[in-house]
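Structure file data_0.cif (mmCIF, C-alpha atoms) is printed below.
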data_data
loop_
_atom_site.label_atom_id
_atom_site.label_comp_id
_atom_site.auth_asym_id
_atom_site.auth_seq_id
_atom_site.Cartn_x
_atom_site.Cartn_y
_atom_site.Cartn_z
CA MET N 252 152.74 128.41 77.90
CA SER N 253 155.81 126.37 78.91
CA SER N 254 156.52 125.30 75.32
CA GLU N 255 156.34 128.90 74.25
CA ALA N 256 158.77 129.78 77.00
CA THR N 257 161.22 127.07 75.94
CA ALA N 258 161.03 128.29 72.37
CA ALA N 259 161.87 131.79 73.47
CA GLY N 260 165.38 132.88 74.34
CA ALA N 261 166.74 132.54 77.92
CA ALA N 262 166.72 136.29 78.44
CA GLU N 263 163.11 136.60 77.46
CA HIS N 264 162.23 133.65 79.67
CA ALA N 265 163.64 135.40 82.68
CA HIS N 266 161.76 138.52 81.74
CA ASP N 267 158.52 136.57 81.48
CA ASP N 268 158.97 135.07 84.95
CA HIS N 269 159.04 138.47 86.51
CA GLY N 270 156.26 139.67 84.30
CA HIS N 271 153.71 139.51 87.09
CA GLY N 272 155.82 141.67 89.30
CA HIS N 273 156.50 144.62 87.12
CA HIS N 274 153.07 145.25 85.69
CA GLY N 275 151.65 146.42 88.99
CA PRO N 276 151.82 146.37 92.78
CA LYS N 277 151.99 143.15 94.79
CA TRP N 278 148.28 143.16 95.66
CA LEU N 279 147.21 143.40 92.05
CA ALA N 280 146.28 139.91 90.85
CA HIS N 281 147.95 139.12 87.53
CA HIS N 282 144.66 138.49 85.72
CA PHE N 283 143.59 142.11 86.19
CA ASP N 284 144.88 144.91 84.01
CA THR N 285 144.40 147.75 86.47
CA PRO N 286 143.60 148.26 90.17
CA ALA N 287 140.29 149.84 89.13
CA GLN N 288 139.33 146.69 87.22
CA GLN N 289 140.18 144.50 90.22
CA PHE N 290 138.22 146.78 92.55
CA ASP N 291 135.14 146.78 90.29
CA ALA N 292 135.27 143.00 89.91
CA ALA N 293 135.45 142.52 93.70
CA LYS N 294 132.54 144.88 94.25
CA LEU N 295 130.44 143.22 91.56
CA GLY N 296 131.08 139.79 93.06
CA MET N 297 130.17 141.04 96.52
CA TRP N 298 126.92 142.61 95.36
CA VAL N 299 125.91 139.37 93.65
CA PHE N 300 126.65 137.57 96.92
CA LEU N 301 124.65 140.12 98.91
CA ALA N 302 121.72 139.72 96.51
CA GLN N 303 121.89 135.99 97.19
CA GLU N 304 121.93 136.65 100.93
CA LEU N 305 118.82 138.83 100.67
CA LEU N 306 116.99 136.20 98.61
CA PHE N 307 118.01 133.60 101.17
CA PHE N 308 116.59 135.68 104.03
CA SER N 309 113.48 136.49 101.98
CA GLY N 310 112.32 132.87 102.42
CA LEU N 311 112.08 133.50 106.15
CA PHE N 312 110.36 136.82 105.61
CA VAL N 313 107.77 135.16 103.34
CA ALA N 314 107.15 132.51 106.03
CA TYR N 315 106.67 135.36 108.47
CA GLY N 316 104.23 137.09 106.11
CA VAL N 317 102.14 133.98 105.52
CA TYR N 318 101.86 133.04 109.21
CA ARG N 319 101.22 136.59 110.25
CA SER N 320 98.32 136.98 107.86
CA TRP N 321 96.92 133.61 108.90
CA TYR N 322 97.15 134.24 112.65
CA PRO N 323 97.27 138.01 113.28
CA GLU N 324 95.96 137.77 116.87
CA MET N 325 98.54 135.14 117.76
CA PHE N 326 101.35 137.29 116.34
CA PHE N 327 100.05 140.30 118.22
CA ALA N 328 99.94 138.37 121.52
CA ALA N 329 103.34 136.71 121.01
CA SER N 330 105.19 139.92 120.11
CA HIS N 331 104.20 141.33 123.51
CA GLN N 332 106.47 138.71 125.06
CA LEU N 333 109.53 140.22 123.31
CA ASP N 334 111.48 142.94 125.06
CA LYS N 335 111.24 146.16 122.99
CA ILE N 336 113.92 147.84 125.08
CA MET N 337 116.47 145.06 124.58
CA GLY N 338 115.57 144.80 120.90
CA GLY N 339 115.78 148.57 120.49
CA THR N 340 119.14 148.72 122.26
CA ASN N 341 120.43 146.00 119.96
CA THR N 342 119.19 147.98 116.96
CA ILE N 343 121.15 151.03 118.09
CA VAL N 344 124.25 148.92 118.83
CA LEU N 345 124.08 147.42 115.34
CA LEU N 346 123.45 150.78 113.64
CA PHE N 347 126.42 152.23 115.50
CA SER N 348 128.60 149.30 114.41
CA SER N 349 127.49 149.92 110.83
CA PHE N 350 128.52 153.55 111.22
CA THR N 351 131.97 152.57 112.57
CA ALA N 352 132.35 150.04 109.74
CA ALA N 353 131.67 152.83 107.23
CA MET N 354 134.22 154.99 109.08
CA ALA N 355 136.76 152.15 108.91
CA VAL N 356 136.37 152.08 105.13
CA ARG N 357 136.71 155.87 104.98
CA SER N 358 139.90 155.77 107.07
CA SER N 359 141.26 153.04 104.88
CA GLN N 360 140.44 155.03 101.75
CA LEU N 361 142.48 157.87 103.22
CA GLY N 362 145.34 155.54 104.11
CA LYS N 363 144.95 156.01 107.88
CA GLN N 364 145.97 152.58 109.12
CA LYS N 365 145.63 153.26 112.85
CA ALA N 366 142.16 154.81 112.59
CA THR N 367 141.01 151.93 110.37
CA GLY N 368 142.14 149.45 113.03
CA ASN N 369 140.39 151.34 115.80
CA TYR N 370 137.11 151.62 113.91
CA LEU N 371 137.25 147.91 113.06
CA LEU N 372 137.84 147.12 116.72
CA ILE N 373 134.82 149.18 117.81
CA THR N 374 132.72 147.41 115.18
CA ILE N 375 133.84 144.01 116.51
CA LEU N 376 133.08 145.04 120.11
CA CYS N 377 129.58 146.24 119.12
CA ALA N 378 128.98 142.94 117.34
CA CYS N 379 129.95 141.06 120.52
CA GLY N 380 127.70 143.38 122.55
CA PHE N 381 124.84 142.53 120.23
CA LEU N 382 125.38 138.82 120.88
CA VAL N 383 125.54 139.34 124.66
CA ILE N 384 122.16 141.12 124.64
CA LYS N 385 120.78 138.40 122.36
CA TYR N 386 122.06 135.79 124.84
CA PHE N 387 120.07 137.40 127.68
CA GLU N 388 116.96 137.53 125.50
CA TYR N 389 117.28 133.87 124.50
CA THR N 390 117.89 132.72 128.09
CA HIS N 391 114.75 134.49 129.19
CA LYS N 392 112.74 132.79 126.42
CA PHE N 393 114.11 129.37 127.43
CA HIS N 394 113.16 130.02 131.07
CA ALA N 395 109.66 131.15 130.13
CA GLY N 396 109.16 128.12 127.86
CA LEU N 397 108.65 130.39 124.83
CA LEU N 398 110.04 127.84 122.41
CA PRO N 399 109.31 126.75 118.84
CA GLY N 400 106.55 124.36 117.84
CA ARG N 401 105.83 121.46 120.17
CA PHE N 402 108.42 122.67 122.68
CA PHE N 403 106.20 125.66 123.42
CA HIS N 404 105.19 125.37 127.10
CA PRO N 405 104.78 128.86 128.52
CA HIS N 406 105.31 129.34 132.26
CA VAL N 407 102.79 131.95 133.28
CA GLU N 408 104.98 133.30 136.14
CA HIS N 409 107.75 134.18 133.65
CA LEU N 410 105.55 135.91 131.07
CA VAL N 411 105.08 139.64 130.69
CA ALA N 412 102.33 140.72 133.07
CA GLY N 413 99.21 142.19 131.50
CA ALA N 414 100.07 140.95 128.00
CA PRO N 415 97.37 139.28 125.89
CA ALA N 416 96.91 135.53 126.51
CA LEU N 417 99.00 133.29 124.25
CA PRO N 418 96.99 130.97 121.98
CA PRO N 419 98.12 127.30 121.85
CA ASN N 420 99.68 127.72 118.39
CA THR N 421 102.07 130.49 119.55
CA GLY N 422 104.88 127.96 119.11
CA SER N 423 104.86 128.75 115.40
CA PHE N 424 105.63 132.41 116.14
CA PHE N 425 108.61 131.38 118.23
CA GLY N 426 109.66 128.95 115.51
CA ILE N 427 109.85 131.92 113.14
CA TYR N 428 111.43 134.14 115.81
CA PHE N 429 114.24 131.71 116.63
CA MET N 430 114.83 130.84 112.99
CA MET N 431 115.08 134.47 111.85
CA THR N 432 117.08 135.84 114.77
CA GLY N 433 119.18 132.65 114.95
CA ILE N 434 120.25 132.75 111.31
CA HIS N 435 120.85 136.48 111.68
CA GLY N 436 122.95 135.67 114.77
CA VAL N 437 125.02 133.19 112.76
CA HIS N 438 125.69 136.02 110.30
CA VAL N 439 126.81 138.22 113.18
CA ILE N 440 129.26 135.53 114.33
CA ILE N 441 130.62 135.07 110.80
CA GLY N 442 130.86 138.87 110.52
CA ILE N 443 132.95 139.02 113.71
CA GLY N 444 135.32 136.42 112.25
CA ILE N 445 135.69 138.37 109.00
CA LEU N 446 136.21 141.69 110.80
CA ILE N 447 138.91 140.17 113.06
CA TRP N 448 140.68 138.81 109.97
CA ILE N 449 140.54 142.21 108.26
CA TRP N 450 141.72 143.89 111.48
CA LEU N 451 144.76 141.57 111.61
CA ARG N 452 145.54 142.22 107.95
CA ASN N 453 145.24 145.96 108.55
CA ASN N 454 147.67 145.65 111.48
CA ARG N 455 150.14 143.98 109.14
CA GLY N 456 149.88 147.04 106.92
CA GLU N 457 148.42 145.24 103.93
CA PHE N 458 146.06 148.07 103.04
CA SER N 459 146.67 151.51 101.64
CA LYS N 460 145.02 154.41 99.90
CA GLU N 461 145.45 152.46 96.67
CA TYR N 462 144.27 149.10 98.00
CA PHE N 463 141.47 149.03 100.56
CA THR N 464 139.18 146.55 98.77
CA PRO N 465 139.07 143.89 101.56
CA VAL N 466 138.04 146.51 104.14
CA ASP N 467 135.33 147.75 101.80
CA ILE N 468 134.01 144.24 101.04
CA ALA N 469 134.00 143.16 104.70
CA ALA N 470 132.12 146.34 105.61
CA LEU N 471 129.55 145.58 102.90
CA TYR N 472 128.93 142.21 104.54
CA TRP N 473 128.57 143.87 107.92
CA HIS N 474 126.10 146.44 106.55
CA LEU N 475 123.99 143.58 105.20
CA VAL N 476 123.76 142.08 108.69
CA ASP N 477 122.57 145.48 109.86
CA LEU N 478 120.12 145.73 106.94
CA VAL N 479 118.41 142.44 107.80
CA TRP N 480 118.09 143.48 111.45
CA ILE N 481 116.50 146.80 110.41
CA TYR N 482 113.53 144.73 109.16
CA LEU N 483 113.66 141.96 111.79
CA PHE N 484 113.42 144.29 114.76
CA PRO N 485 110.14 146.10 113.97
CA LEU N 486 108.49 143.05 112.40
CA LEU N 487 109.15 140.78 115.37
CA TYR N 488 109.21 143.17 118.33
CA LEU N 489 106.87 145.98 117.35
CA VAL N 490 104.41 144.35 114.90
CA MET A 55 145.19 165.49 93.00
CA ALA A 56 142.86 168.19 91.69
CA THR A 57 139.34 166.97 92.36
CA ALA A 58 138.10 168.32 89.06
CA ASP A 59 140.39 165.91 87.21
CA THR A 60 139.40 162.73 89.04
CA HIS A 61 136.70 161.86 86.53
CA HIS A 62 139.08 161.93 83.62
CA ALA A 63 141.77 160.24 85.64
CA HIS A 64 139.38 157.37 86.35
CA LYS A 65 139.40 156.38 82.72
CA ASP A 66 143.09 156.92 82.15
CA ASP A 67 145.26 155.78 85.00
CA GLY A 68 143.43 152.60 86.05
CA ALA A 69 143.68 153.48 89.75
CA VAL A 70 140.74 153.13 92.14
CA HIS A 71 138.90 156.42 92.60
CA ALA A 72 136.11 155.65 95.06
CA HIS A 73 133.89 158.33 96.49
CA ILE A 74 134.94 159.35 100.01
CA SER A 75 132.19 160.83 102.16
CA SER A 76 133.04 163.23 104.98
CA THR A 77 132.90 162.18 108.64
CA GLY A 78 130.18 164.76 109.24
CA PHE A 79 128.05 163.20 106.55
CA TYR A 80 128.38 159.71 108.06
CA VAL A 81 127.50 161.12 111.49
CA ALA A 82 124.41 162.78 109.98
CA VAL A 83 123.30 159.50 108.37
CA PHE A 84 123.83 157.68 111.67
CA MET A 85 121.81 160.31 113.55
CA ALA A 86 118.97 159.97 111.03
CA LEU A 87 119.02 156.20 111.56
CA ILE A 88 118.81 156.61 115.33
CA ALA A 89 115.97 159.13 114.99
CA LEU A 90 114.03 156.72 112.78
CA THR A 91 114.61 153.89 115.29
CA ILE A 92 113.23 156.02 118.11
CA LEU A 93 110.31 156.98 115.86
CA THR A 94 109.42 153.36 115.07
CA VAL A 95 109.66 152.28 118.74
CA GLY A 96 107.53 155.28 119.76
CA GLN A 97 104.97 154.50 117.07
CA SER A 98 104.58 150.96 118.45
CA TYR A 99 102.90 152.41 121.55
CA VAL A 100 100.22 154.03 119.37
CA ASP A 101 97.75 151.66 117.77
CA LEU A 102 97.09 152.61 114.15
CA GLY A 103 95.21 149.41 113.39
CA ARG A 104 95.92 148.06 109.91
CA LEU A 105 98.24 151.01 109.22
CA ASN A 106 100.72 149.73 111.85
CA LEU A 107 102.37 147.35 109.42
CA VAL A 108 102.50 149.95 106.63
CA VAL A 109 104.17 152.55 108.89
CA VAL A 110 106.64 149.99 110.28
CA ILE A 111 107.67 148.88 106.77
CA LEU A 112 107.93 152.47 105.52
CA ILE A 113 110.25 153.48 108.37
CA ALA A 114 112.35 150.31 108.00
CA THR A 115 112.66 150.88 104.26
CA THR A 116 113.76 154.48 104.78
CA LYS A 117 116.45 153.24 107.18
CA ALA A 118 117.50 150.50 104.78
CA SER A 119 117.79 153.00 101.91
CA LEU A 120 120.06 155.23 104.00
CA VAL A 121 122.33 152.27 104.84
CA VAL A 122 122.42 150.96 101.28
CA SER A 123 122.90 154.35 99.58
CA PHE A 124 125.51 155.87 101.87
CA PHE A 125 127.10 153.32 104.21
CA MET A 126 127.27 150.80 101.38
CA HIS A 127 128.13 153.54 98.83
CA LEU A 128 125.61 152.28 96.29
CA ARG A 129 124.68 155.88 95.49
CA TYR A 130 128.21 156.50 94.16
CA ASP A 131 128.94 152.98 92.99
CA ASN A 132 128.94 151.39 89.56
CA LYS A 133 125.33 151.53 88.31
CA PHE A 134 125.46 147.82 87.48
CA ASN A 135 125.75 146.97 91.20
CA ALA A 136 122.62 149.04 91.83
CA LEU A 137 120.88 147.11 89.07
CA ILE A 138 121.76 143.81 90.80
CA PHE A 139 120.41 145.11 94.09
CA VAL A 140 117.18 146.48 92.60
CA SER A 141 116.47 143.31 90.64
CA CYS A 142 117.05 141.31 93.82
CA ILE A 143 114.40 143.42 95.59
CA PHE A 144 112.10 142.94 92.60
CA PHE A 145 112.37 139.15 92.82
CA ILE A 146 111.74 139.24 96.56
CA GLY A 147 108.53 141.10 95.63
CA VAL A 148 107.64 138.36 93.13
CA PHE A 149 108.30 135.74 95.81
CA PHE A 150 105.95 137.52 98.24
CA ALA A 151 103.24 138.22 95.65
CA TYR A 152 102.97 134.69 94.29
CA THR A 153 103.18 132.97 97.67
CA LEU A 154 100.63 135.21 99.36
CA ASN A 155 98.36 135.02 96.32
CA ASP A 156 98.16 131.30 97.08
CA THR A 157 98.11 131.25 100.88
CA GLU A 158 95.61 134.12 101.13
CA ARG A 159 93.07 132.36 98.88
CA ARG A 160 93.15 128.90 100.38
CA GLY A 161 89.93 127.56 101.81
CA GLU A 162 89.59 126.73 105.46
CA LEU A 163 88.08 123.51 106.67
CA ASP A 164 84.53 124.00 107.88
CA GLN A 165 84.38 121.39 110.65
CA ASP A 166 80.57 121.11 110.66
CA GLN A 167 80.19 120.49 106.94
CA ASN A 168 83.63 118.90 106.38
CA VAL A 169 84.17 121.05 103.29
CA LYS A 170 86.73 123.66 102.39
CA VAL A 171 85.23 127.13 102.36
CA LEU A 172 86.65 130.55 101.54
CA PRO A 173 86.93 132.36 104.89
CA SER A 174 85.85 135.69 103.39
CA THR A 175 82.57 134.63 101.76
CA GLY A 176 81.76 131.19 103.19
CA GLU A 177 81.46 129.74 99.68
CA ASN A 178 82.97 126.43 98.66
CA ALA A 179 86.67 126.91 97.97
CA PRO A 180 87.79 126.17 94.41
CA GLY A 181 90.29 123.38 93.76
CA GLY A 182 91.53 120.77 96.16
CA PHE A 183 89.55 117.69 97.03
CA ALA A 184 85.82 117.85 96.49
CA PRO A 185 83.89 116.71 99.53
CA GLN A 186 82.66 113.12 99.24
CA GLU A 187 78.96 113.89 98.97
CA ALA A 188 79.32 116.76 96.56
CA ALA A 189 81.52 114.64 94.26
CA ALA A 190 78.92 111.89 94.22
CA ALA A 191 76.17 114.43 93.62
CA GLY A 192 78.22 115.93 90.80
CA ALA A 193 78.47 112.50 89.17
CA GLY A 194 74.70 112.11 89.57
CA GLY A 195 74.14 115.44 87.86
CA ALA A 196 76.18 114.32 84.84
CA HIS A 197 73.90 111.32 84.39
CA PRO A 198 70.31 112.49 84.83
CA GLY A 199 69.15 108.88 84.92
CA GLY A 200 71.04 108.18 88.19
CA GLY A 201 68.84 110.17 90.49
CA GLU A 202 69.83 108.32 93.65
CA HIS A 203 70.96 111.42 95.48
CA PRO A 204 68.20 113.69 96.58
CA GLU A 205 70.29 116.88 96.53
CA THR A 206 71.67 118.52 93.40
CA PRO A 207 75.10 120.21 93.66
CA GLY A 208 73.53 123.65 93.27
CA LYS A 209 71.16 123.11 96.15
CA GLN A 210 73.90 121.82 98.38
CA GLY A 211 76.00 124.91 97.67
CA GLU A 212 73.12 127.14 98.71
CA SER A 213 72.40 125.19 101.86
CA LEU A 214 75.95 125.77 103.19
CA PRO A 215 75.82 128.14 106.14
CA ALA A 216 78.44 130.87 106.33
CA PRO A 217 81.07 129.90 108.92
CA LYS A 218 81.23 132.05 111.97
CA GLY A 219 84.26 133.47 113.73
CA HIS A 220 86.88 133.01 111.02
#
Could you write out this file's structure as structure tokens?
Amino acid sequence: MSSEATAAGAAEHAHDDHGHGHHGPKWLAHHFDTPAQQFDAAKLGMWVFLAQELLFFSGLFVAYGVYRSWYPEMFFAASHQLDKIMGGTNTIVLLFSSFTAAMAVRSSQLGKQKATGNYLLITILCACGFLVIKYFEYTHKFHAGLLPGRFFHPHVEHLVAGAPALPPNTGSFFGIYFMMTGIHGVHVIIGIGILIWIWLRNNRGEFSKEYFTPVDIAALYWHLVDLVWIYLFPLLYLV
Amino acid sequence: MATADTHHAHKDDGAVHAHISSTGFYVAVFMALIALTILTVGQSYVDLGRLNLVVVILIATTKASLVVSFFMHLRYDNKFNALIFVSCIFFIGVFFAYTLNDTERRGELDQDQNVKVLPSTGENAPGGFAPQEAAAAGAGGAHPGGGEHPETPGKQGESLPAPKGH
């Protein structure tokens, strides 16, 4: 490349240097021909990543399936110790945040910077709300001794009254519960980080009707977090 | 800006022409998701026995399809992205099928006899370690001259009682 440039005349050299600039807008990476190509490539990459995320979570779901079919009574008894109302509220909070994330993308597609920022902010607040509710649920489990594996030492006075008795191996249910909701919670925290970053970039006016890809991609990630919870909630809380 | 031209424009001008759904449509999808959540919580108070799991998964899958198709725009997206997603779901199915095909057919240890039995029928489970006595009896059967063990493998299999309470 440099030898070619030296061989070429000075005028052409200068022209080549600015070559990246004139073939498209600033946000268009020089290895893409068109904005559409860049957009499609970003989407393709994100969908491959999301497929990987689903396969990653599927390991936990398979563990759930195996243990559930081995110990159905234990799963039935243990799920009565989970709070349906808190879990249901969290489901609605997360669905609403998914809705606002979709609205943020829509606003961005229409070039409405302020609305995009507001929708992103609501999404972030909902995500934090989800974690707060999760915190109360976890604290209750710690108090009641509903912990994974050998740490499982239930305190009868803290358990749900009238629920079926917990068999001694219930620790394996809570192992699965904490693993699934915990890894999901890590995704929520990462999602909050990503959404804050996108919110800041939106405030700087980096996005437009022509270039909203980062908003779209971040929202896809957030929808995935919602998607996993859509299965986690009924399988753990409702059985 | 004529909407009729956008399809042709997509191929020509190289600009991004993503589908933009209306606010009303997103609200409708959200409402459907909330309705399905209320439905699944309500259903949990009614015991449908073995159907519980089926109903729960059906409702969750309906919700997931709404999110994937409309919030994640897969309905209007490049078909190749949909192919990636569908093949991912397919391989999750393979993962479940092969794992459960193993774990559902494993024998359980019958404490009284110290042998692995199939929980459903009470017969000796195939594979794994043969119980000590049966292995020795099997060796005896191969050499008719041995004859030190009074029980043949066939007899022993018949004498196994079906386990209770599995």
Just say which residues the PyMOL selection byres ((chain A) within 7 of (chain N)) picks in this file, as an MDAnalysis selection string.
chainID A and resid 68:70 74 80 84 88 98 107 110 114 118 125:126 135 138:139 142 146 150 154 157
Please evaluate the PyMOL selection byres ((chain N and resi 410) around 12) against the displayed coordinates and give the resulting residues as an MDAnalysis selection string.
chainID N and resid 328:334 391:397 404:409 411:417
Just so the selection is clear, what residues does the PyMOL selection byres ((chain N and resi 433-447) around 9) cover here, as a PDB file with C-alpha atoms, in the frame of the given file?
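The new file selection20.pdb reads:
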ATOM      1  CA  PHE N 308     116.590 135.680 104.030  1.00  0.00           C
ATOM      2  CA  LEU N 371     137.250 147.910 113.060  1.00  0.00           C
ATOM      3  CA  LEU N 372     137.840 147.120 116.720  1.00  0.00           C
ATOM      4  CA  THR N 374     132.720 147.410 115.180  1.00  0.00           C
ATOM      5  CA  ILE N 375     133.840 144.010 116.510  1.00  0.00           C
ATOM      6  CA  LEU N 376     133.080 145.040 120.110  1.00  0.00           C
ATOM      7  CA  ALA N 378     128.980 142.940 117.340  1.00  0.00           C
ATOM      8  CA  CYS N 379     129.950 141.060 120.520  1.00  0.00           C
ATOM      9  CA  PHE N 381     124.840 142.530 120.230  1.00  0.00           C
ATOM     10  CA  LEU N 382     125.380 138.820 120.880  1.00  0.00           C
ATOM     11  CA  LYS N 385     120.780 138.400 122.360  1.00  0.00           C
ATOM     12  CA  TYR N 428     111.430 134.140 115.810  1.00  0.00           C
ATOM     13  CA  PHE N 429     114.240 131.710 116.630  1.00  0.00           C
ATOM     14  CA  MET N 430     114.830 130.840 112.990  1.00  0.00           C
ATOM     15  CA  MET N 431     115.080 134.470 111.850  1.00  0.00           C
ATOM     16  CA  THR N 432     117.080 135.840 114.770  1.00  0.00           C
ATOM     17  CA  TRP N 448     140.680 138.810 109.970  1.00  0.00           C
ATOM     18  CA  ILE N 449     140.540 142.210 108.260  1.00  0.00           C
ATOM     19  CA  TRP N 450     141.720 143.890 111.480  1.00  0.00           C
ATOM     20  CA  LEU N 451     144.760 141.570 111.610  1.00  0.00           C
ATOM     21  CA  ARG N 452     145.540 142.220 107.950  1.00  0.00           C
ATOM     22  CA  VAL N 466     138.040 146.510 104.140  1.00  0.00           C
ATOM     23  CA  ALA N 469     134.000 143.160 104.700  1.00  0.00           C
ATOM     24  CA  ALA N 470     132.120 146.340 105.610  1.00  0.00           C
ATOM     25  CA  TYR N 472     128.930 142.210 104.540  1.00  0.00           C
ATOM     26  CA  TRP N 473     128.570 143.870 107.920  1.00  0.00           C
ATOM     27  CA  VAL N 476     123.760 142.080 108.690  1.00  0.00           C
ATOM     28  CA  VAL N 479     118.410 142.440 107.800  1.00  0.00           C
ATOM     29  CA  TRP N 480     118.090 143.480 111.450  1.00  0.00           C
TER      30      TRP N 480
END
To one decimal place in Å, what is the distance between atom CA of Ser141 of chain A and atom CA of Thr91 of chain A?
26.9 Å
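Atom CA of Ser174 of chain A is positioned 23.8 Å from atom CA of Phe424 of chain N.
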What is the atom CA of Gly161 of chain A-atom CA of Asn178 of chain A distance in Å, reported with one decimal?
7.7 Å
Adding 8 Å on each side of the box along x, y and z that holds all listed atoms of segment 423-432 of chain N, could you give its centre and edge lengths in Å to one decimal, as lines of an AutoDock Vina configuration file?
center_x = 111.0
center_y = 132.3
center_z = 115.0
size_x = 28.2
size_y = 23.1
size_z = 22.4
